[in-house]
Amino acid sequence: MGNFLKKKNNRRNFLKKTALLSTAAAFSTFIPKKIKAAKSYNWKMVTTWPKNFPGLGTCAEIFAKMVNEGSDGKMNITVFGSGEIVPAFEAMDAVSSGAIEMGHGGPYYWKGKVAAAQYLSAIPFGLTPQEQNSWFEKGGGQEIADKIYEKMGCKFFVCGNTGPQMGGWYNKEIKTIEDYQGLKMRAPGLGGEVIKAAGGTVVNIHGGELLTSIQSGAIDALEWVGPYNDLAFGIHKAAKYYYYPGWHEPAAILDCFINLKKWNSLPNNLKKIIALSAKAATQQMTNEMIAGNNMALKTLLNKHGVKVKPFPDEVLKKLAILSNKVLNKLSSSDELSKKVYKSIIKFRNDSIKRSENQKKFLETRMKYVNYEK
């Protein structure tokens, strides 16, 4: 009887151990499968800007860091400046082909591929930075931009906004609209088309060539962004006059473009992290540009003695008339250009009455507030 009970207990213990081992084995095979499902992504981002260039280049870095940290390392984006992997204006080709996963630049750089893209950057006498960001989010801009970038095999996100720009650097005074006749100027996008209509010759060069081009006399004038970036490039060393306002780009957005197949392969949580990071990076860049421009303009005026001049009202009036003619003609060339242009104009027109409030406030602040010098 004792042996029988002993055998029975041994059998019972054996069955318990077998059951526990089976459960542990099943559990151990289940857990690794779940862990392996959380795939990590190591992506490259090529930009059209010099590495870590103030505002524009750092926006790409800010975006990448937000995605890397927000995804807890499940997505790691490494940023490369222009020329490190591909030249600035070949960034879209690299991403469209799938050779690189994503890029960062300005939509008007891609007008040779899809004409409608240039309207997304800025239009002359168009939207303020706040209006522009609002149009993308609430005015149908994101949906239109996605259709435009789909033609280039990419997904689109706003990823940066320069804020209000300056009118540019000139080595001759602009007193009348006729002063644009024969002027060689770096002026991309739709603003450049208006300069052409005024009689100028537009030269499209990237940021890294600006200073040498105006120093050598290859160009007579250029527009880049504003004091923060212009000071960083040292453009004040080679140009006599700094004009305002930036009628050609009252604001300008930057784009994050992602290879569409790569984008579609991502899980929804990483897509959401990218979308939110692009939005946050846009606001952070706008803040950086405002603060940076404030300090840089002081430096240009007080340390370098730069001559800051307003465009004459008559010149601005004629540029506005030319802009209307040029944009109406260009946008009628294809349906997508017509659609994006009409949408922006409608949003601008809807904003005009409300913007009188801000205009009056700024005028009042300029007139009646005592400023410490």
# chains A, B, ... in the order shown; residues from 1 in each chain; ligands from 1
$ closest_atom_pairs --of "region 267-363 of chain A" --to "region 56-65 of chain A" --cutoff "8 Å" --atoms "only C-alpha atoms" --output "CSV"
residue,atom,partner,partner_atom,distance
A:Ser277,CA,A:Phe63,CA,5.7
A:Ala278,CA,A:Phe63,CA,6.0
A:Ala280,CA,A:Phe63,CA,7.8
A:Ala281,CA,A:Phe63,CA,5.4
A:Thr282,CA,A:Cys59,CA,7.4
A:Gln284,CA,A:Cys59,CA,7.8
A:Met285,CA,A:Cys59,CA,5.9
$ write_last_selection --atoms "C-alpha atoms" --output "compact mmCIF listing (two decimals), in the first residue's frame"
# COMPACT_ATOMS: atom_id res chain seq x y z
CA SER A 277 5.71 65.84 -34.22
CA ALA A 278 5.47 67.74 -37.51
CA ALA A 280 4.83 70.63 -32.85
CA ALA A 281 8.06 71.25 -34.80
CA THR A 282 6.21 73.81 -36.95
CA GLN A 284 8.61 75.53 -32.33
CA MET A 285 10.26 76.80 -35.52
$ closest_atom_pairs --of "region 216-285 of chain A" --to "region 186-208 of chain A" --cutoff "12 Å" --atoms "only C-alpha atoms" --output "CSV"
residue,atom,partner,partner_atom,distance
A:Gly217,CA,A:Arg186,CA,11.9
A:Ala218,CA,A:Val203,CA,9.1
A:Ile219,CA,A:Arg186,CA,7.0
A:Asp220,CA,A:Arg186,CA,8.5
A:Ala221,CA,A:Arg186,CA,6.5
A:Leu222,CA,A:Arg186,CA,4.5
A:Glu223,CA,A:Ala187,CA,5.8
A:Trp224,CA,A:Gly207,CA,7.6
A:Val225,CA,A:Gly207,CA,10.0
A:Asn229,CA,A:Gly207,CA,9.8
A:Asp230,CA,A:Gly207,CA,9.8
A:Ala232,CA,A:Gly207,CA,10.9
A:Phe233,CA,A:Gly208,CA,8.2
A:Gly234,CA,A:Gly208,CA,11.2
A:Ile235,CA,A:Gly207,CA,10.8
A:Gly246,CA,A:Gly191,CA,9.6
A:Trp247,CA,A:Gly191,CA,8.1
A:His248,CA,A:Gly191,CA,4.6
A:Glu249,CA,A:Gly191,CA,7.1
A:Pro250,CA,A:Gly191,CA,10.5
A:Ala251,CA,A:Gly191,CA,11.9
A:Ala252,CA,A:Gly189,CA,10.5
$ residues_around --residues "Gln132 (chain A)" --least-positions-apart "4" --cutoff "10 Å" --atoms "only C-alpha atoms" --output "JSON, numbers by chain"
{"A": [120, 121, 122, 126, 127, 128, 136, 137, 138, 139, 141, 161, 163, 250, 251, 252, 253, 344, 347, 348]}
$ write_last_selection --atoms "N, CA and C atoms" --output "CSV table (one decimal), in the first residue's frame"
chain,number,residue,atom,x,y,z
A,120,LEU,N,1.8,75.8,-52.3
A,120,LEU,CA,1.8,75.4,-50.9
A,120,LEU,C,2.8,76.2,-50.1
A,121,SER,N,3.9,76.6,-50.6
A,121,SER,CA,4.9,77.3,-49.9
A,121,SER,C,4.4,78.7,-49.5
A,122,ALA,N,4.0,79.5,-50.5
A,122,ALA,CA,3.5,80.8,-50.2
A,122,ALA,C,3.0,81.4,-51.5
A,126,GLY,N,-0.2,86.9,-50.0
A,126,GLY,CA,-1.1,85.8,-49.6
A,126,GLY,C,-1.4,85.8,-48.1
A,127,LEU,N,-1.1,84.6,-47.5
A,127,LEU,CA,-1.6,84.4,-46.1
A,127,LEU,C,-0.5,84.7,-45.1
A,128,THR,N,-0.9,85.2,-43.9
A,128,THR,CA,0.1,85.3,-42.8
A,128,THR,C,0.4,84.0,-42.3
A,136,PHE,N,-4.1,75.0,-43.8
A,136,PHE,CA,-3.7,73.6,-43.9
A,136,PHE,C,-4.5,72.7,-43.0
A,137,GLU,N,-4.8,73.2,-41.8
A,137,GLU,CA,-5.5,72.3,-40.8
A,137,GLU,C,-7.0,72.4,-40.9
A,138,LYS,N,-7.5,73.6,-41.2
A,138,LYS,CA,-9.0,73.8,-41.2
A,138,LYS,C,-9.6,74.2,-42.5
A,139,GLY,N,-8.7,74.6,-43.5
A,139,GLY,CA,-9.2,75.1,-44.7
A,139,GLY,C,-9.1,74.2,-45.9
A,141,GLY,N,-6.3,72.5,-46.8
A,141,GLY,CA,-5.0,72.5,-47.3
A,141,GLY,C,-4.3,71.2,-47.3
A,161,ASN,N,7.5,76.8,-40.3
A,161,ASN,CA,7.0,78.0,-41.0
A,161,ASN,C,8.0,79.1,-40.6
A,163,GLY,N,7.6,82.3,-40.8
A,163,GLY,CA,7.0,83.5,-40.3
A,163,GLY,C,7.2,84.6,-41.4
A,250,PRO,N,4.7,86.3,-47.5
A,250,PRO,CA,4.4,86.8,-46.2
A,250,PRO,C,4.5,85.8,-45.1
A,251,ALA,N,4.7,84.6,-45.5
A,251,ALA,CA,5.0,83.4,-44.6
A,251,ALA,C,5.4,82.3,-45.6
A,252,ALA,N,6.1,81.3,-45.1
A,252,ALA,CA,6.5,80.2,-46.0
A,252,ALA,C,6.6,78.9,-45.2
A,253,ILE,N,5.9,77.9,-45.6
A,253,ILE,CA,5.9,76.7,-44.9
A,253,ILE,C,7.0,75.8,-45.5
A,344,ILE,N,-6.7,78.9,-51.5
A,344,ILE,CA,-5.9,79.8,-50.7
A,344,ILE,C,-6.5,81.2,-50.8
A,347,PHE,N,-9.6,81.5,-48.6
A,347,PHE,CA,-9.3,81.6,-47.2
A,347,PHE,C,-8.7,83.0,-46.9
A,348,ARG,N,-7.9,83.5,-47.8
A,348,ARG,CA,-7.3,84.9,-47.6
A,348,ARG,C,-8.4,85.9,-47.5
$ select_by_dssp --residues "region 103-241 of chain A" --states "strand (DSSP E)" --output "JSON, numbers by chain"
{"A": [103, 104, 105, 154, 155, 156, 157, 158, 159, 160, 161, 168, 169, 170, 184, 185, 186, 201, 202, 221, 222, 241]}
$ write_last_selection --atoms "N, CA and C atoms" --output "PDB file, in the first residue's frame"
ATOM      1  N   GLY A 103      12.212  63.343 -46.516  1.00  0.00           N
ATOM      2  CA  GLY A 103      12.981  64.548 -46.792  1.00  0.00           C
ATOM      3  C   GLY A 103      12.351  65.768 -46.152  1.00  0.00           C
ATOM      4  N   HIS A 104      13.097  66.878 -46.200  1.00  0.00           N
ATOM      5  CA  HIS A 104      12.634  68.136 -45.617  1.00  0.00           C
ATOM      6  C   HIS A 104      13.110  69.271 -46.507  1.00  0.00           C
ATOM      7  N   GLY A 105      12.193  70.139 -46.919  1.00  0.00           N
ATOM      8  CA  GLY A 105      12.564  71.234 -47.812  1.00  0.00           C
ATOM      9  C   GLY A 105      11.458  72.260 -47.901  1.00  0.00           C
ATOM     10  N   CYS A 154       4.699  60.601 -52.638  1.00  0.00           N
ATOM     11  CA  CYS A 154       5.034  60.965 -51.261  1.00  0.00           C
ATOM     12  C   CYS A 154       3.802  61.348 -50.438  1.00  0.00           C
ATOM     13  N   LYS A 155       3.951  61.264 -49.133  1.00  0.00           N
ATOM     14  CA  LYS A 155       3.006  61.780 -48.162  1.00  0.00           C
ATOM     15  C   LYS A 155       3.518  63.133 -47.691  1.00  0.00           C
ATOM     16  N   PHE A 156       2.622  64.089 -47.492  1.00  0.00           N
ATOM     17  CA  PHE A 156       2.999  65.464 -47.150  1.00  0.00           C
ATOM     18  C   PHE A 156       2.625  65.826 -45.721  1.00  0.00           C
ATOM     19  N   PHE A 157       3.523  66.582 -45.073  1.00  0.00           N
ATOM     20  CA  PHE A 157       3.202  67.243 -43.812  1.00  0.00           C
ATOM     21  C   PHE A 157       3.835  68.629 -43.794  1.00  0.00           C
ATOM     22  N   VAL A 158       3.113  69.604 -43.245  1.00  0.00           N
ATOM     23  CA  VAL A 158       3.742  70.881 -42.908  1.00  0.00           C
ATOM     24  C   VAL A 158       4.739  70.595 -41.801  1.00  0.00           C
ATOM     25  N   CYS A 159       5.978  71.081 -41.967  1.00  0.00           N
ATOM     26  CA  CYS A 159       6.986  70.866 -40.928  1.00  0.00           C
ATOM     27  C   CYS A 159       7.880  72.100 -40.852  1.00  0.00           C
ATOM     28  N   GLY A 160       7.305  73.189 -40.362  1.00  0.00           N
ATOM     29  CA  GLY A 160       8.038  74.437 -40.222  1.00  0.00           C
ATOM     30  C   GLY A 160       7.342  75.588 -40.910  1.00  0.00           C
ATOM     31  N   ASN A 161       7.503  76.777 -40.347  1.00  0.00           N
ATOM     32  CA  ASN A 161       6.978  77.996 -40.953  1.00  0.00           C
ATOM     33  C   ASN A 161       7.958  79.121 -40.634  1.00  0.00           C
ATOM     34  N   GLY A 168      14.152  91.275 -49.168  1.00  0.00           N
ATOM     35  CA  GLY A 168      15.359  90.857 -49.848  1.00  0.00           C
ATOM     36  C   GLY A 168      16.488  91.866 -49.806  1.00  0.00           C
ATOM     37  N   TRP A 169      17.649  91.426 -50.289  1.00  0.00           N
ATOM     38  CA  TRP A 169      18.880  92.216 -50.323  1.00  0.00           C
ATOM     39  C   TRP A 169      19.145  92.676 -51.742  1.00  0.00           C
ATOM     40  N   TYR A 170      19.492  93.958 -51.893  1.00  0.00           N
ATOM     41  CA  TYR A 170      19.691  94.543 -53.218  1.00  0.00           C
ATOM     42  C   TYR A 170      20.982  95.357 -53.247  1.00  0.00           C
ATOM     43  N   LYS A 184      19.170  90.784 -61.920  1.00  0.00           N
ATOM     44  CA  LYS A 184      19.394  89.351 -61.720  1.00  0.00           C
ATOM     45  C   LYS A 184      19.192  89.040 -60.236  1.00  0.00           C
ATOM     46  N   MET A 185      18.168  88.251 -59.954  1.00  0.00           N
ATOM     47  CA  MET A 185      17.789  88.046 -58.556  1.00  0.00           C
ATOM     48  C   MET A 185      17.497  86.590 -58.253  1.00  0.00           C
ATOM     49  N   ARG A 186      17.963  86.146 -57.111  1.00  0.00           N
ATOM     50  CA  ARG A 186      17.580  84.838 -56.596  1.00  0.00           C
ATOM     51  C   ARG A 186      16.231  85.018 -55.907  1.00  0.00           C
ATOM     52  N   THR A 201      15.502  88.992 -64.095  1.00  0.00           N
ATOM     53  CA  THR A 201      15.963  87.650 -64.447  1.00  0.00           C
ATOM     54  C   THR A 201      16.128  86.862 -63.163  1.00  0.00           C
ATOM     55  N   VAL A 202      15.417  85.738 -63.049  1.00  0.00           N
ATOM     56  CA  VAL A 202      15.420  84.966 -61.812  1.00  0.00           C
ATOM     57  C   VAL A 202      16.432  83.828 -61.902  1.00  0.00           C
ATOM     58  N   ALA A 221      20.689  90.793 -56.634  1.00  0.00           N
ATOM     59  CA  ALA A 221      19.794  90.840 -55.476  1.00  0.00           C
ATOM     60  C   ALA A 221      19.389  89.415 -55.113  1.00  0.00           C
ATOM     61  N   LEU A 222      18.895  89.252 -53.895  1.00  0.00           N
ATOM     62  CA  LEU A 222      18.409  87.939 -53.485  1.00  0.00           C
ATOM     63  C   LEU A 222      17.434  88.102 -52.336  1.00  0.00           C
ATOM     64  N   TYR A 241      21.459  97.192 -49.586  1.00  0.00           N
ATOM     65  CA  TYR A 241      20.143  97.573 -49.078  1.00  0.00           C
ATOM     66  C   TYR A 241      19.324  96.342 -48.688  1.00  0.00           C
TER      67      TYR A 241
END
$ residues_around --residues "region 300-317 of chain A" --least-positions-apart "6" --cutoff "6 Å" --atoms "only C-alpha atoms" --output "compact mmCIF listing (two decimals) with C-alpha atoms, in the first residue's frame"
# COMPACT_ATOMS: atom_id res chain seq x y z
CA THR A 176 10.18 102.45 -59.30
CA ILE A 177 8.93 99.21 -60.80
CA TYR A 241 20.14 97.57 -49.08
CA TYR A 242 17.75 95.41 -47.07
CA TYR A 243 14.13 95.88 -48.14
CA TYR A 244 10.78 95.13 -46.53
$ select_by_dssp --residues "region 127-364 of chain A" --states "helix (DSSP H, G or I)" --output "MDAnalysis selection string"
chainID A and resid 129:138 141:150 177:180 189:197 207:216 227:233 235:237 260:264 268:302 313:331 335:364
$ residues_around --residues "region 265-271 of chain A" --least-positions-apart "4" --cutoff "12 Å" --atoms "only C-alpha atoms" --output "MDAnalysis selection string"
chainID A and resid 37:43 66:76 101 155:157 258:261 275:278
$ closest_residue --among "A:Gln118, A:Ser134, A:Gln283, A:Thr47" --to "Ser337 (chain A)" --atoms "only C-alpha atoms"
A:Gln118
$ closest_residue --among "A:Val46, A:Leu336, A:Leu254, A:Met295" --to "Val95 (chain A)" --atoms "only C-alpha atoms"
A:Val46
$ closest_residue --among "A:Met45, A:Val114, A:Ala296, A:Ile77" --to "Gly98 (chain A)" --atoms "only C-alpha atoms"
A:Met45
$ atom_distance --atom1 "CA of Gly112 (chain A)" --atom2 "CA of Lys318 (chain A)"
27.3 Å
